[in-house]
Amino acid sequence: MLFPTAFSIDFVAATYCAVTHSTYDTIFPVCAGAICGHIASISAKMEKLGTTGNKKKDKEILTECYRLHVALLRISEHINNTFGFVFLIQSIYTVLHACVIIYQVMKVSDITLAVLNTAPILASSYAQFLLFCYYGELLTDYFERLRFGFYNNCWYQCDMEMKKTLVIMTLAANRTVRLEAYGITFAGHKTYVSGLQDSISYYLILKTVTTDT
């Protein structure tokens, strides 16, 4: 009776942890993917601006794109406030964790067995880091493409009021949108590569310090 109870508790706890971690790890990629999809729809709608031959229709397109762009900027700000600290912790943890694992692996006699034992947890750590960096880079890239999307249309056929609105929207699109951790680091391909390099660098420093002592 004791074993089934203990097993059931362990199983429920393990399932809860797995579901919680999986959900939290996928929230940012899902949100970033949804935002990128909306940005693509804005660019597609903006291409029709000035080609409808209907001033009222053009104004509806411009108003809809403007409101959606403002909403996406606000959502991106909320995402940055929510996941900025998490990304910072993930960056530090991944680099230091890899550094310590490499250091310990290089000290054992059977390196092959040590690598096989530590590779899964090290790979999962870098996979989590990659999720943030890849989708952070994707989010930034799509917002930068939007600058051309506001220009890639027949804006010269619109009236002066809509041209002024387009100028304001283009200026707003010049703002860089990215997942940033308090100005210390940001989610992107360069950050991921830098994380790999830092892990090796810190390992060499740790090895040098421990060798001297």
# chains A, B, ... in the order shown; residues from 1 in each chain; ligands from 1

call {"tool": "select_by_dssp", "arguments": {"residues": "range 24-204 of chain A", "states": "strand (DSSP E or B)", "output": "VMD selection string"}}
result
chain A and resid 180 to 181 185 to 186

call {"tool": "residues_around", "arguments": {"residues": "range 25-35 of chain A", "least_positions_apart": "2", "cutoff": "9 Å", "atoms": "only C-alpha atoms", "output": "list in words"}}
result
Thr20, His21, Ser22, Thr23, Gly37, His38, Ile39, Ala40, Leu72, Ile75, Ser76, Ile79, Phe83, Gln128, Leu131, Phe132, Tyr134, Tyr135, Gly136, Leu138, Leu139 and Tyr142 of chain A

call {"tool": "closest_residue", "arguments": {"among": "A:Leu130, A:Ile101, A:Phe87, A:Lys57", "to": "Lys190 in chain A", "atoms": "only C-alpha atoms"}}
result
A:Leu130

call {"tool": "closest_residue", "arguments": {"among": "A:Cys154, A:Leu116, A:Leu122, A:Val95", "to": "Leu49 in chain A", "atoms": "only C-alpha atoms"}}
result
A:Cys154

call {"tool": "closest_residue", "arguments": {"among": "A:Thr185, A:Thr176, A:Gln104, A:Asn117", "to": "Leu206 in chain A", "atoms": "only C-alpha atoms"}}
result
A:Gln104

call {"tool": "residues_around", "arguments": {"residues": "Lys48 in chain A", "least_positions_apart": "4", "cutoff": "12 Å", "atoms": "only C-alpha atoms", "output": "PyMOL selection string"}}
result
chain A and resi 41-44+52-55+57-62+65+149-155+157-158

call {"tool": "closest_residue", "arguments": {"among": "A:His78, A:Val12, A:Gly50, A:Leu96", "to": "Ile200 in chain A", "atoms": "only C-alpha atoms"}}
result
A:Leu96

call {"tool": "residues_around", "arguments": {"residues": "Leu171 in chain A", "least_positions_apart": "3", "cutoff": "12 Å", "atoms": "only C-alpha atoms", "output": "PyMOL selection string"}}
result
chain A and resi 144+146-148+150-151+164-168+174-176

call {"tool": "write_last_selection", "arguments": {"atoms": "N, CA, C and O atoms", "output": "PDB file, in the first residue's frame"}}
result
ATOM      1  N   GLU A 144      11.456  44.777 -37.903  1.00  0.00           N
ATOM      2  CA  GLU A 144      12.301  45.566 -38.806  1.00  0.00           C
ATOM      3  C   GLU A 144      11.782  45.503 -40.241  1.00  0.00           C
ATOM      4  O   GLU A 144      11.875  46.476 -40.988  1.00  0.00           O
ATOM      5  N   LEU A 146       8.781  45.455 -41.061  1.00  0.00           N
ATOM      6  CA  LEU A 146       7.578  46.288 -41.125  1.00  0.00           C
ATOM      7  C   LEU A 146       7.886  47.695 -41.609  1.00  0.00           C
ATOM      8  O   LEU A 146       7.016  48.376 -42.158  1.00  0.00           O
ATOM      9  N   ARG A 147       9.135  48.143 -41.406  1.00  0.00           N
ATOM     10  CA  ARG A 147       9.522  49.471 -41.889  1.00  0.00           C
ATOM     11  C   ARG A 147       9.343  49.554 -43.399  1.00  0.00           C
ATOM     12  O   ARG A 147       8.848  50.549 -43.919  1.00  0.00           O
ATOM     13  N   PHE A 148       9.768  48.511 -44.100  1.00  0.00           N
ATOM     14  CA  PHE A 148       9.584  48.477 -45.552  1.00  0.00           C
ATOM     15  C   PHE A 148       8.124  48.251 -45.916  1.00  0.00           C
ATOM     16  O   PHE A 148       7.646  48.751 -46.933  1.00  0.00           O
ATOM     17  N   PHE A 150       5.512  49.486 -44.522  1.00  0.00           N
ATOM     18  CA  PHE A 150       4.775  50.753 -44.518  1.00  0.00           C
ATOM     19  C   PHE A 150       5.090  51.590 -45.764  1.00  0.00           C
ATOM     20  O   PHE A 150       4.351  52.524 -46.081  1.00  0.00           O
ATOM     21  N   TYR A 151       6.186  51.286 -46.429  1.00  0.00           N
ATOM     22  CA  TYR A 151       6.592  52.047 -47.613  1.00  0.00           C
ATOM     23  C   TYR A 151       6.229  51.313 -48.899  1.00  0.00           C
ATOM     24  O   TYR A 151       6.062  51.946 -49.949  1.00  0.00           O
ATOM     25  N   LYS A 164       0.654  61.788 -43.871  1.00  0.00           N
ATOM     26  CA  LYS A 164       1.193  62.180 -42.561  1.00  0.00           C
ATOM     27  C   LYS A 164       1.093  61.031 -41.562  1.00  0.00           C
ATOM     28  O   LYS A 164       2.014  60.806 -40.761  1.00  0.00           O
ATOM     29  N   THR A 165      -0.009  60.294 -41.630  1.00  0.00           N
ATOM     30  CA  THR A 165      -0.173  59.138 -40.753  1.00  0.00           C
ATOM     31  C   THR A 165       0.870  58.074 -41.055  1.00  0.00           C
ATOM     32  O   THR A 165       1.429  57.446 -40.142  1.00  0.00           O
ATOM     33  N   LEU A 166       1.151  57.893 -42.320  1.00  0.00           N
ATOM     34  CA  LEU A 166       2.175  56.922 -42.728  1.00  0.00           C
ATOM     35  C   LEU A 166       3.551  57.306 -42.202  1.00  0.00           C
ATOM     36  O   LEU A 166       4.341  56.450 -41.792  1.00  0.00           O
ATOM     37  N   VAL A 167       3.846  58.599 -42.216  1.00  0.00           N
ATOM     38  CA  VAL A 167       5.131  59.075 -41.692  1.00  0.00           C
ATOM     39  C   VAL A 167       5.247  58.742 -40.207  1.00  0.00           C
ATOM     40  O   VAL A 167       6.293  58.260 -39.737  1.00  0.00           O
ATOM     41  N   ILE A 168       4.171  58.980 -39.456  1.00  0.00           N
ATOM     42  CA  ILE A 168       4.167  58.688 -38.018  1.00  0.00           C
ATOM     43  C   ILE A 168       4.344  57.195 -37.773  1.00  0.00           C
ATOM     44  O   ILE A 168       5.119  56.773 -36.890  1.00  0.00           O
ATOM     45  N   ASN A 174      10.568  52.471 -36.549  1.00  0.00           N
ATOM     46  CA  ASN A 174      12.030  52.553 -36.411  1.00  0.00           C
ATOM     47  C   ASN A 174      12.501  52.143 -35.020  1.00  0.00           C
ATOM     48  O   ASN A 174      13.688  51.907 -34.815  1.00  0.00           O
ATOM     49  N   ARG A 175      11.572  52.071 -34.092  1.00  0.00           N
ATOM     50  CA  ARG A 175      11.924  51.640 -32.735  1.00  0.00           C
ATOM     51  C   ARG A 175      12.258  50.146 -32.741  1.00  0.00           C
ATOM     52  O   ARG A 175      11.500  49.327 -33.240  1.00  0.00           O
ATOM     53  N   THR A 176      13.411  49.810 -32.193  1.00  0.00           N
ATOM     54  CA  THR A 176      13.843  48.415 -32.144  1.00  0.00           C
ATOM     55  C   THR A 176      13.046  47.661 -31.091  1.00  0.00           C
ATOM     56  O   THR A 176      12.972  48.073 -29.936  1.00  0.00           O
TER      57      THR A 176
END

call {"tool": "select_by_dssp", "arguments": {"residues": "chain A", "states": "helix (DSSP H, G or I)", "output": "number ranges by chain"}}
result
A: 2-46, 55-107, 111-149, 155-157, 160-173, 189-212

call {"tool": "closest_residue", "arguments": {"among": "A:Thr211, A:Thr140, A:Ser109, A:Gln90", "to": "Tyr192 in chain A", "atoms": "only C-alpha atoms"}}
result
A:Gln90

call {"tool": "residues_around", "arguments": {"residues": "Tyr182 in chain A", "least_positions_apart": "4", "cutoff": "12 Å", "atoms": "only C-alpha atoms", "output": "VMD selection string"}}
result
chain A and resid 80 to 89 178 186 to 187

call {"tool": "closest_residue", "arguments": {"among": "A:Thr118, A:Ser125, A:Thr15, A:Ser91", "to": "Val105 in chain A", "atoms": "only C-alpha atoms"}}
result
A:Thr118
